[in-house]
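Visitor: Structure file query-v3.cif (mmCIF, C-alpha atoms) right here:
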```cif
data_structure
loop_
_atom_site.label_atom_id
_atom_site.label_comp_id
_atom_site.auth_asym_id
_atom_site.auth_seq_id
_atom_site.Cartn_x
_atom_site.Cartn_y
_atom_site.Cartn_z
CA MET W 20 -12.06 3.55 26.04
CA ARG W 21 -9.30 3.65 28.65
CA LEU W 22 -6.07 2.27 27.24
CA THR W 23 -4.03 0.08 29.54
CA ASN W 24 -1.37 -1.03 27.07
CA VAL W 25 0.12 0.13 23.77
CA SER W 26 2.64 -2.20 22.13
CA GLY W 27 4.54 -2.27 18.89
CA TYR W 28 6.14 -5.45 17.54
CA ALA W 29 8.68 -5.35 14.73
CA LEU W 30 8.33 -8.49 12.61
CA SER W 31 10.25 -9.79 9.62
CA SER W 32 9.21 -12.18 6.89
CA PRO W 33 12.49 -13.58 5.50
CA ILE W 34 13.11 -14.08 1.79
CA ASP W 35 15.28 -17.17 1.98
CA PRO W 36 17.37 -17.41 -0.05
CA PRO W 37 17.54 -13.70 -0.87
CA GLN W 38 16.39 -12.84 -4.39
CA ASP W 39 18.41 -10.86 -6.91
CA ARG W 40 16.24 -9.13 -9.51
CA ARG W 41 17.76 -7.23 -12.41
CA PHE W 42 16.27 -3.92 -13.48
CA PHE W 43 17.52 -1.42 -16.06
CA GLY W 44 20.60 0.03 -14.41
CA GLY W 45 21.46 -2.60 -11.84
CA VAL W 46 20.37 -5.41 -9.57
CA ARG W 47 18.07 -5.29 -6.59
CA ARG W 48 18.55 -7.76 -3.73
CA LEU W 49 15.48 -8.60 -1.63
CA ARG W 50 16.20 -9.99 1.83
CA LYS W 51 12.94 -9.74 3.79
CA ARG W 52 9.76 -7.72 4.33
CA ASP W 53 9.17 -5.94 7.62
CA VAL W 54 5.92 -5.09 9.37
CA VAL W 55 5.14 -3.44 12.68
CA LEU W 56 2.09 -4.83 14.47
CA VAL W 57 0.50 -2.30 16.81
CA VAL W 58 -1.72 -3.66 19.59
CA LEU W 59 -3.89 -1.56 21.91
CA GLU W 60 -5.58 -3.00 24.99
CA THR W 61 -8.33 -1.50 27.13
CA GLU W 62 -9.26 -1.95 30.78
CA THR W 63 -12.17 -4.18 29.68
CA GLY W 64 -9.77 -6.57 27.93
CA GLU W 65 -10.64 -5.59 24.36
CA ARG W 66 -7.82 -5.50 21.84
CA GLY W 67 -7.46 -3.27 18.79
CA VAL W 68 -4.85 -3.91 16.10
CA ALA W 69 -3.23 -2.25 13.13
CA THR W 70 -0.15 -2.62 10.95
CA ALA W 71 2.49 -0.17 9.84
CA GLY W 72 5.22 -0.54 7.27
CA ALA W 73 5.31 -2.77 4.19
CA SER W 74 4.66 0.13 1.84
CA SER W 75 6.52 2.77 -0.08
CA SER W 76 7.63 4.16 3.27
CA ALA W 77 9.64 0.99 3.79
CA MET W 78 11.72 1.92 0.74
CA ARG W 79 12.18 5.42 2.11
CA GLU W 80 13.23 4.13 5.52
CA TYR W 81 15.91 2.00 3.94
CA PHE W 82 17.34 4.97 2.13
CA GLU W 83 17.29 7.08 5.29
CA GLY W 84 18.98 4.43 7.40
CA ASP W 85 16.08 3.69 9.75
CA SER W 86 14.21 0.43 10.11
CA GLN W 87 10.86 -0.89 11.23
CA ALA W 88 12.49 -1.67 14.58
CA THR W 89 12.95 2.08 14.98
CA PHE W 90 9.21 2.59 14.62
CA ALA W 91 8.36 -0.24 17.03
CA ASP W 92 10.60 1.43 19.61
CA VAL W 93 8.71 4.68 19.05
CA VAL W 94 5.39 2.93 19.66
CA ASN W 95 6.66 1.32 22.85
CA GLY W 96 8.20 4.59 23.99
CA ALA W 97 6.74 8.00 23.16
CA VAL W 98 3.44 6.70 21.79
CA ALA W 99 2.72 4.45 24.76
CA GLU W 100 3.73 7.18 27.21
CA SER W 101 1.29 9.55 25.52
CA LEU W 102 -1.72 7.21 25.48
CA VAL W 103 -1.55 4.59 28.24
CA GLY W 104 -3.93 5.47 31.02
CA GLU W 105 -5.86 7.89 28.84
CA SER W 106 -9.59 7.58 28.25
CA ILE W 107 -10.22 8.06 24.53
CA GLU W 108 -13.74 9.31 23.94
CA VAL W 109 -13.12 10.89 20.53
CA ILE W 110 -10.48 9.33 18.28
CA ASP W 111 -9.29 12.79 17.22
CA ASP W 112 -8.14 13.28 20.83
CA ALA W 113 -5.49 10.60 20.30
CA HIS W 114 -4.24 12.51 17.26
CA GLU W 115 -3.84 15.61 19.43
CA SER W 116 -1.95 13.66 22.08
CA LEU W 117 0.46 12.24 19.51
CA HIS W 118 1.05 15.64 17.96
CA GLY W 119 2.24 16.68 21.40
CA THR W 120 4.98 14.04 21.57
CA GLY W 121 7.52 16.07 19.61
CA LEU W 122 8.31 13.09 17.37
CA PRO W 123 9.72 13.82 13.89
CA ASP W 124 6.95 14.34 11.35
CA ARG W 125 7.31 11.03 9.52
CA LEU W 126 7.30 8.92 12.68
CA ARG W 127 4.50 10.97 14.23
CA TYR W 128 2.18 10.59 11.26
CA GLU W 129 3.00 6.90 10.97
CA ALA W 130 2.06 6.52 14.65
CA ILE W 131 -1.15 8.49 14.22
CA SER W 132 -2.13 6.27 11.29
CA ALA W 133 -1.66 2.99 13.16
CA ILE W 134 -3.28 4.25 16.36
CA ASP W 135 -6.28 5.63 14.44
CA VAL W 136 -6.95 2.27 12.76
CA ALA W 137 -6.52 0.32 16.02
CA LEU W 138 -8.83 2.73 17.87
CA HIS W 139 -11.49 2.31 15.19
CA ASP W 140 -11.10 -1.46 15.64
CA LEU W 141 -11.68 -0.97 19.37
CA ARG W 142 -14.61 1.41 18.88
CA GLY W 143 -16.30 -1.05 16.53
CA LYS W 144 -15.89 -3.84 19.07
CA GLU W 145 -17.22 -1.55 21.80
CA LEU W 146 -20.34 -0.78 19.75
CA GLY W 147 -20.70 -4.22 18.17
CA ALA W 148 -20.45 -2.77 14.66
CA PRO W 149 -18.03 -3.14 11.73
CA ILE W 150 -15.82 -0.15 11.04
CA TYR W 151 -17.48 0.50 7.70
CA GLU W 152 -20.78 1.19 9.50
CA LEU W 153 -19.11 3.72 11.79
CA LEU W 154 -17.54 5.44 8.78
CA ALA W 155 -20.76 5.36 6.74
CA ASP W 156 -22.48 7.29 9.54
CA GLU W 157 -19.79 9.96 9.28
CA PHE W 158 -19.91 10.09 5.47
CA GLU W 159 -23.72 9.85 5.47
CA SER W 160 -23.38 7.12 2.88
CA ASP W 161 -24.80 3.68 2.18
CA PRO W 162 -22.00 1.13 2.63
CA THR W 163 -21.17 -1.36 -0.10
CA THR W 164 -19.46 -4.52 1.13
CA LYS W 165 -18.63 -6.07 -2.25
CA ILE W 166 -15.41 -4.49 -3.52
CA PRO W 167 -13.78 -5.16 -6.90
CA LEU W 168 -10.03 -5.72 -6.67
CA TYR W 169 -7.17 -5.06 -9.02
CA ALA W 170 -4.17 -7.35 -8.76
CA SER W 171 -0.86 -5.68 -7.94
CA ALA W 172 2.10 -7.82 -9.00
CA GLY W 173 4.77 -8.20 -11.70
CA MET W 174 8.26 -6.83 -11.04
CA TYR W 175 11.40 -7.17 -13.22
CA MET W 176 9.97 -9.75 -15.59
CA ASP W 177 10.48 -10.21 -19.30
CA PRO W 178 7.57 -8.88 -21.41
CA ALA W 179 6.16 -12.35 -22.06
CA GLY W 180 6.15 -13.03 -18.31
CA TYR W 181 4.00 -9.97 -17.63
CA ALA W 182 1.56 -11.07 -20.32
CA GLU W 183 1.35 -14.60 -18.91
CA GLN W 184 0.66 -13.23 -15.46
CA ALA W 185 -2.01 -10.86 -16.78
CA ARG W 186 -3.83 -13.75 -18.46
CA ALA W 187 -3.86 -15.78 -15.23
CA LEU W 188 -5.10 -12.89 -13.13
CA GLU W 189 -7.79 -11.95 -15.63
CA ALA W 190 -9.01 -15.54 -15.45
CA SER W 191 -9.25 -15.12 -11.67
CA GLY W 192 -11.69 -12.25 -12.13
CA PHE W 193 -9.58 -9.25 -11.12
CA MET W 194 -10.72 -5.91 -12.48
CA GLY W 195 -7.17 -4.89 -13.37
CA TYR W 196 -3.50 -5.83 -13.39
CA LYS W 197 -0.84 -3.44 -12.11
CA TYR W 198 2.79 -4.22 -12.76
CA ARG W 199 6.22 -2.69 -12.16
CA PRO W 200 8.11 -1.76 -15.33
CA GLY W 201 11.80 -0.86 -15.34
CA ILE W 202 13.44 -3.39 -17.66
CA GLY W 203 14.58 -0.74 -20.14
CA ILE W 204 12.82 1.61 -22.52
CA ASP W 205 12.41 -0.95 -25.32
CA GLY W 206 11.36 -3.70 -22.90
CA ASP W 207 8.82 -1.44 -21.21
CA ARG W 208 7.29 -0.47 -24.56
CA GLU W 209 7.14 -4.13 -25.62
CA THR W 210 5.41 -5.00 -22.34
CA VAL W 211 2.79 -2.30 -22.89
CA ASP W 212 2.16 -3.65 -26.39
CA LEU W 213 1.84 -7.23 -25.19
CA LEU W 214 -0.56 -6.33 -22.39
CA ALA W 215 -2.70 -4.22 -24.70
CA GLU W 216 -2.98 -7.24 -27.00
CA THR W 217 -3.40 -9.83 -24.21
CA VAL W 218 -6.09 -8.52 -21.87
CA ASP W 219 -9.73 -8.41 -22.87
CA ASP W 220 -12.00 -6.81 -20.28
CA MET W 221 -9.30 -6.40 -17.64
CA LYS W 222 -7.50 -3.06 -17.32
CA PHE W 223 -3.74 -2.72 -16.97
CA MET W 224 -1.80 -0.15 -14.95
CA LEU W 225 1.88 0.75 -14.67
CA ASP W 226 3.39 1.37 -11.23
CA THR W 227 6.61 3.17 -12.11
CA HIS W 228 7.41 3.89 -8.45
CA THR W 229 11.21 4.28 -8.28
CA TRP W 230 12.09 2.15 -11.29
CA TRP W 231 12.16 4.93 -13.89
CA LYS W 232 13.85 7.31 -11.48
CA LEU W 233 16.73 5.33 -10.01
CA ARG W 234 19.80 7.38 -10.83
CA ASP W 235 17.79 9.05 -13.62
CA ALA W 236 18.35 5.91 -15.68
CA TYR W 237 15.62 6.81 -18.19
CA GLY W 238 15.71 10.59 -18.24
CA GLU W 239 12.81 13.04 -18.47
CA THR W 240 12.26 12.75 -22.21
CA ALA W 241 12.05 8.96 -22.17
CA VAL W 242 9.69 9.00 -19.18
CA SER W 243 7.38 11.49 -20.90
CA GLU W 244 7.36 9.43 -24.09
CA LEU W 245 6.66 6.19 -22.19
CA VAL W 246 3.82 7.80 -20.26
CA GLU W 247 2.22 9.06 -23.46
CA TYR W 248 2.76 5.74 -25.23
CA ALA W 249 1.23 3.70 -22.40
CA SER W 250 -1.78 6.00 -22.39
CA GLU W 251 -2.24 5.67 -26.15
CA ARG W 252 -2.15 1.88 -25.79
CA GLY W 253 -4.93 1.92 -23.22
CA ALA W 254 -3.24 1.97 -19.80
CA TYR W 255 -5.81 2.64 -17.08
CA TRP W 256 -3.27 4.74 -15.22
CA ILE W 257 0.46 5.40 -14.87
CA GLU W 258 1.44 5.62 -11.21
CA GLU W 259 4.14 7.83 -9.72
CA PRO W 260 5.91 8.60 -13.01
CA VAL W 261 7.95 11.31 -11.26
CA GLU W 262 9.33 11.82 -7.76
CA PRO W 263 6.43 12.05 -5.27
CA ASP W 264 7.11 15.69 -4.40
CA ASP W 265 7.63 16.80 -8.01
CA ARG W 266 4.36 18.69 -8.45
CA GLU W 267 5.57 20.44 -11.59
CA GLY W 268 6.56 17.09 -13.07
CA TYR W 269 3.05 15.73 -12.48
CA ILE W 270 1.50 18.83 -14.02
CA SER W 271 3.77 18.64 -17.04
CA LEU W 272 2.99 14.97 -17.71
CA SER W 273 -0.72 15.52 -17.22
CA GLY W 274 -0.49 17.74 -20.28
CA THR W 275 -0.04 14.60 -22.37
CA GLY W 276 -3.58 13.60 -21.46
CA ALA W 277 -2.34 10.40 -19.81
CA PRO W 278 -4.25 9.21 -16.72
CA LEU W 279 -1.90 9.62 -13.75
CA ALA W 280 -2.05 8.21 -10.23
CA GLY W 281 -0.14 9.13 -7.10
CA GLY W 282 -0.24 9.91 -3.42
CA GLU W 283 0.93 6.79 -1.61
CA SER W 284 4.27 8.40 -0.75
CA GLU W 285 2.74 11.54 0.73
CA GLU W 286 3.46 11.75 4.47
CA THR W 287 0.13 13.35 5.44
CA SER W 288 -3.49 13.59 4.39
CA ALA W 289 -2.87 17.29 3.73
CA GLY W 290 -0.20 16.24 1.23
CA LEU W 291 -2.73 14.00 -0.50
CA VAL W 292 -5.17 16.87 -0.87
CA GLU W 293 -2.39 19.18 -2.06
CA LEU W 294 -1.49 16.71 -4.81
CA GLY W 295 -5.16 16.45 -5.74
CA ARG W 296 -5.44 20.24 -5.99
CA THR W 297 -2.80 20.32 -8.73
CA GLY W 298 -5.38 18.76 -11.04
CA ALA W 299 -2.59 16.56 -12.41
CA VAL W 300 -3.73 13.18 -11.06
CA ASP W 301 -6.84 11.25 -12.00
CA PHE W 302 -6.43 8.78 -9.13
CA LEU W 303 -5.45 9.77 -5.57
CA GLN W 304 -3.94 6.89 -3.58
CA GLY W 305 -4.31 7.34 0.15
CA ASP W 306 -3.77 4.53 2.66
CA VAL W 307 -5.26 4.29 6.15
CA ARG W 308 -1.95 2.81 7.36
CA HIS W 309 0.02 5.92 6.38
CA HIS W 310 -2.25 8.94 5.97
CA GLU W 311 -3.54 9.42 9.52
CA GLY W 312 -5.85 6.44 9.48
CA TYR W 313 -9.53 6.63 8.64
CA THR W 314 -9.71 10.14 10.08
CA GLY W 315 -7.01 11.50 7.77
CA CYS W 316 -8.12 9.63 4.67
CA ALA W 317 -11.66 10.95 5.13
CA SER W 318 -10.44 14.44 4.26
CA ALA W 319 -8.94 13.16 0.98
CA VAL W 320 -12.12 11.21 0.20
CA GLU W 321 -14.21 14.34 0.76
CA PHE W 322 -11.85 16.33 -1.45
CA CYS W 323 -12.36 13.88 -4.32
CA ARG W 324 -16.13 13.81 -3.87
CA GLY W 325 -17.79 15.45 -6.85
CA ARG W 326 -14.45 16.11 -8.57
CA GLU W 327 -12.82 14.43 -11.55
CA VAL W 328 -10.30 12.62 -9.37
CA GLU W 329 -10.99 9.19 -7.93
CA PHE W 330 -9.81 8.06 -4.50
CA VAL W 331 -8.32 4.56 -4.84
CA PRO W 332 -6.52 3.32 -1.71
CA HIS W 333 -2.93 2.19 -1.94
CA ASN W 334 -2.47 -1.18 -0.29
CA PHE W 335 0.67 -3.24 -0.69
CA GLY W 336 1.21 -5.25 2.46
CA THR W 337 -0.56 -7.81 4.60
CA TRP W 338 -4.08 -9.16 4.53
CA LEU W 339 -4.71 -7.14 7.69
CA GLY W 340 -3.86 -3.95 5.80
CA LEU W 341 -6.15 -5.12 2.99
CA ILE W 342 -9.08 -5.46 5.38
CA ALA W 343 -8.32 -2.13 7.05
CA ASN W 344 -8.45 -0.27 3.73
CA ALA W 345 -11.47 -2.30 2.60
CA HIS W 346 -13.58 -0.83 5.41
CA LEU W 347 -12.80 2.64 4.08
CA VAL W 348 -13.75 1.68 0.53
CA ALA W 349 -16.97 0.06 1.73
CA ALA W 350 -18.11 3.27 3.43
CA ALA W 351 -16.61 6.09 1.37
CA PRO W 352 -18.80 7.75 -1.26
CA GLU W 353 -17.60 7.50 -4.87
CA VAL W 354 -14.89 5.01 -3.88
CA ASP W 355 -15.18 1.42 -5.10
CA LEU W 356 -11.82 -0.10 -5.99
CA LEU W 357 -9.00 -1.62 -3.92
CA GLU W 358 -5.47 -2.91 -4.57
CA TYR W 359 -4.77 -6.60 -3.90
CA PRO W 360 -1.05 -7.41 -3.60
CA VAL W 361 -0.03 -10.70 -5.21
CA PHE W 362 2.92 -12.34 -3.47
CA GLN W 363 4.55 -15.68 -4.16
CA HIS W 364 2.59 -18.67 -2.78
CA ASP W 365 -0.66 -16.71 -2.32
CA PRO W 366 -3.06 -19.36 -0.95
CA LEU W 367 -6.09 -17.70 -2.56
CA LEU W 368 -4.81 -17.85 -6.13
CA GLU W 369 -5.04 -20.90 -8.32
CA GLY W 370 -2.84 -21.82 -11.24
CA ASP W 371 0.85 -22.32 -11.72
CA PHE W 372 2.16 -18.92 -12.80
CA ASP W 373 5.00 -16.66 -11.78
CA PRO W 374 3.62 -13.83 -9.61
CA GLY W 375 6.69 -11.80 -10.44
CA MET W 376 6.92 -10.95 -6.78
CA TYR W 377 8.83 -12.23 -3.78
CA PRO W 378 7.43 -14.42 -0.96
CA PHE W 379 5.85 -12.60 1.98
CA ASP W 380 4.41 -15.35 4.18
CA LEU W 381 3.72 -13.01 7.07
CA ALA W 382 1.25 -11.16 4.84
CA PHE W 383 -1.03 -14.20 4.99
CA ASP W 384 -0.22 -15.54 8.45
CA ILE W 385 -0.83 -12.30 10.33
CA MET W 386 -4.57 -12.92 10.61
CA GLU W 387 -6.66 -15.95 11.37
CA GLY W 388 -8.50 -17.30 8.35
CA SER W 389 -8.38 -15.57 5.00
CA PRO W 390 -10.24 -12.79 3.19
CA SER W 391 -13.44 -13.71 1.39
CA ILE W 392 -12.60 -13.21 -2.30
CA THR W 393 -14.58 -14.66 -5.18
CA ASP W 394 -13.95 -13.82 -8.86
CA GLY W 395 -11.80 -10.86 -7.92
CA VAL W 396 -14.38 -9.35 -5.54
CA LEU W 397 -13.73 -8.96 -1.80
CA THR W 398 -16.57 -9.24 0.72
CA VAL W 399 -15.75 -6.98 3.66
CA PRO W 400 -16.07 -8.72 7.07
CA ASP W 401 -19.19 -7.65 8.97
CA GLY W 402 -17.97 -8.55 12.46
CA PRO W 403 -17.28 -5.85 15.07
CA GLY W 404 -14.34 -3.57 14.34
CA LEU W 405 -12.11 -4.87 11.57
CA GLY W 406 -14.04 -8.13 11.75
CA VAL W 407 -10.90 -10.28 11.82
CA GLU W 408 -8.59 -11.62 14.50
CA VAL W 409 -4.81 -11.38 14.56
CA ASP W 410 -2.81 -14.48 15.41
CA LEU W 411 -0.43 -13.17 18.08
CA ASP W 412 1.71 -16.29 17.70
CA ILE W 413 3.31 -14.47 14.78
CA ILE W 414 5.25 -12.37 17.28
CA GLU W 415 7.31 -15.45 18.09
CA GLU W 416 7.16 -16.98 14.63
CA TYR W 417 8.43 -13.93 12.74
CA PRO W 418 11.13 -12.28 14.88
CA PHE W 419 12.67 -9.09 13.59
CA ILE W 420 15.77 -9.49 11.44
CA ASP W 421 18.17 -6.59 11.67
CA GLY W 422 19.49 -4.90 8.56
CA PRO W 423 18.06 -3.46 5.34
CA TRP W 424 15.16 -5.25 3.71
CA THR W 425 16.36 -4.40 0.20
CA GLU W 426 19.62 -3.30 -1.42
CA PHE W 427 20.53 -1.88 -4.82
CA ARG W 428 23.71 -2.45 -6.82
CA TYR W 429 24.10 -0.19 -9.84
CA ASP W 430 25.81 -0.82 -13.14
CA GLU W 431 28.57 1.60 -14.02
CA ASN W 432 27.13 2.29 -17.48
CA PRO W 433 23.45 1.24 -17.64
#
```
Represent the supplied structure as structure tokens.
Guide:
Amino acid sequence: MRLTNVSGYALSSPIDPPQDRRFFGGVRRLRKRDVVLVVLETETGERGVATAGASSSAMREYFEGDSQATFADVVNGAVAESLVGESIEVIDDAHESLHGTGLPDRLRYEAISAIDVALHDLRGKELGAPIYELLADEFESDPTTKIPLYASAGMYMDPAGYAEQARALEASGFMGYKYRPGIGIDGDRETVDLLAETVDDMKFMLDTHTWWKLRDAYGETAVSELVEYASERGAYWIEEPVEPDDREGYISLSGTGAPLAGGESEETSAGLVELGRTGAVDFLQGDVRHHEGYTGCASAVEFCRGREVEFVPHNFGTWLGLIANAHLVAAAPEVDLLEYPVFQHDPLLEGDFDPGMYPFDLAFDIMEGSPSITDGVLTVPDGPGLGVEVDLDIIEEYPFIDGPWTEFRYDENP
């Protein structure tokens, strides 16, 4: 494949009017969600696509003062200069080229991730095969194209709201319900109790990413007690209960016997494996959009193979990101579960219930058509490459909006 063009487009999906959501310790204002669409073109006119952003890294970028526009500029600059005109025979070669750009680690690995996914899209189109078949050959596995989903929703709701949402999502057939706690120690315990009493066959998970750690609002003792309590009440897992790089914190909490999950905030696939080696997590959450694409995630999948740690991809973004990670799940051995983000106005969900999440229209509009989901099970597209087409009209329809996508205002005495 000889690349003739590499482009990055920073896009914004406005939240209008902005939403203010109270958590324990302050108020969070949500203004928009940002995505970078990466498009590769070859001399034969084929196009490969991938997305970046719209994940935990977006939170990190806000705190560090960067934006998705920064990453789009990197794609159009150093990344394009490194790859345009090159003939890519082995996808690993593109990784080597990008490592030679001298970009800061975070931007370099983000670029490698997007380029890897887009190149796999191109390679599948070149060979007339879906990505999952290419990956299954590498894993020497038998692909499975029916993937159970767990619904990822609920943020800053009252306990009864979480329970109502769980009931609606269980009725839709989802394997599990993951929600964001952070409404206070008593409120979080009440929510756990309500969910344990509400769901029947469906599992429930807590994604404590950031909320328990903002300004140490809860404190180590309270976090440990909440983790143990949620486990005792049947939580399927507790996700990121400590700072992502706090290995000792993970190890300490694992001593409670609680099932822990983590990994989405690791910058590299090596970081994923390092977290797995601690023995502290039961679920390792890589993401092809952030952990060096399919190539990088394969190393984490192989690490989990035959061990008592399950690889479950993180996926909290667009439908295009959903499909990209689905191809990995379809091919990877001992991997069979995927995260489905529930945003406001999701066209695939029936019923009048509060998703507990903000609108993210770009998540649905980025691709033509919609994923095939029935009773909480996704059928992976079997067309060449990703098997879906991106609607490039979104470049004009969702122009980038400058400024932070989210802001926090803290109480003086939470």
Visitor: Please evaluate the PyMOL selection byres ((chain W and resi 117) around 9) against the structure above and give the resulting residues as a PyMOL selection string.
Guide: chain W and resi 97-98+101-102+112-116+118-122+127-128+130-131
Visitor: What does the file look like for those residues with C-alpha atoms, as a PDB file, in the frame of the given file?
Guide:
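And here is the file that came out, selection14.pdb:
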```pdb
ATOM      1  CA  ALA W  97       6.740   8.000  23.160  1.00  0.00           C
ATOM      2  CA  VAL W  98       3.440   6.700  21.790  1.00  0.00           C
ATOM      3  CA  SER W 101       1.290   9.550  25.520  1.00  0.00           C
ATOM      4  CA  LEU W 102      -1.720   7.210  25.480  1.00  0.00           C
ATOM      5  CA  ASP W 112      -8.140  13.280  20.830  1.00  0.00           C
ATOM      6  CA  ALA W 113      -5.490  10.600  20.300  1.00  0.00           C
ATOM      7  CA  HIS W 114      -4.240  12.510  17.260  1.00  0.00           C
ATOM      8  CA  GLU W 115      -3.840  15.610  19.430  1.00  0.00           C
ATOM      9  CA  SER W 116      -1.950  13.660  22.080  1.00  0.00           C
ATOM     10  CA  HIS W 118       1.050  15.640  17.960  1.00  0.00           C
ATOM     11  CA  GLY W 119       2.240  16.680  21.400  1.00  0.00           C
ATOM     12  CA  THR W 120       4.980  14.040  21.570  1.00  0.00           C
ATOM     13  CA  GLY W 121       7.520  16.070  19.610  1.00  0.00           C
ATOM     14  CA  LEU W 122       8.310  13.090  17.370  1.00  0.00           C
ATOM     15  CA  ARG W 127       4.500  10.970  14.230  1.00  0.00           C
ATOM     16  CA  TYR W 128       2.180  10.590  11.260  1.00  0.00           C
ATOM     17  CA  ALA W 130       2.060   6.520  14.650  1.00  0.00           C
ATOM     18  CA  ILE W 131      -1.150   8.490  14.220  1.00  0.00           C
TER      19      ILE W 131
END
```
Visitor: Once you add 8 Å to each side, what are the centre and edge lengths of the axis-aligned box holding all listed atoms of segment 168-187 of chain W? One decimal in Å, as lines of an AutoDock Vina configuration file, if you can.
Guide:
```
center_x = 0.7
center_y = -10.4
center_z = -14.4
size_x = 37.4
size_y = 26.7
size_z = 31.4
```
Visitor: Can you translate the PyMOL selection byres ((chain W and resi 103) around 9) into the concrete residues it hits in this file, as a ChimeraX atom specification?
Guide: /W:21-25,98-102,104-106
Visitor: Quick one: apply the PyMOL selection byres ((chain W and resi 68) around 12) to the file and drop the selected residues here as a count of residues only.
Guide: 46
Visitor: Quick check, in Å to one decimal: how far apart do atom CA of Met194 of chain W and atom CA of Met221 of chain W lie?
Guide: 5.4 Å
Visitor: Can you pull out every residue within 6 Å of segment 42-50 of chain W, counting all atoms listed in the file, but drop anything in the same chain fewer than 2 positions away, and send it as a ChimeraX atom specification?
Guide: /W:34,37-40,175,201-203,424-430,433
Visitor: In Å, how far is it from atom CA of Ala350 of chain W to atom CA of Gly305 of chain W?
Guide: 14.8 Å
Visitor: Env of segment 160-169 of chain W: 10 Å cut, atoms = only C-alpha atoms, seq-sep filter 2 positions within chain, self excluded. Answer as a PyMOL selection string.
Guide: chain W and resi 151-158+171-172+188-189+192-197+221-224+345-361+391-401
Visitor: Just how far from atom CA of Val292 of chain W is atom CA of Ala317 of chain W, in Å to one decimal?
Guide: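 Between atom CA of Ala317 of chain W and atom CA of Val292 of chain W the gap works out to 10.6 Å.
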Visitor: Identify which of the residues W:Glu416, W:Asp380, W:Asp205, W:Glu285 lies closest to Asp177 of chain W, counting all atoms listed in the file when measuring atom-to-atom distances.
Guide: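 Among the listed residues, the smallest separation from Asp177 of chain W belongs to W:Asp205.
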Visitor: My list of candidates is W:Thr287, W:Thr240, W:Thr63, W:Thr314. Which is closest to Asp111 of chain W when distances are computed with only C-alpha atoms?
Guide: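 Using only C-alpha atoms, the shortest distance to Asp111 of chain W belongs to W:Thr314.
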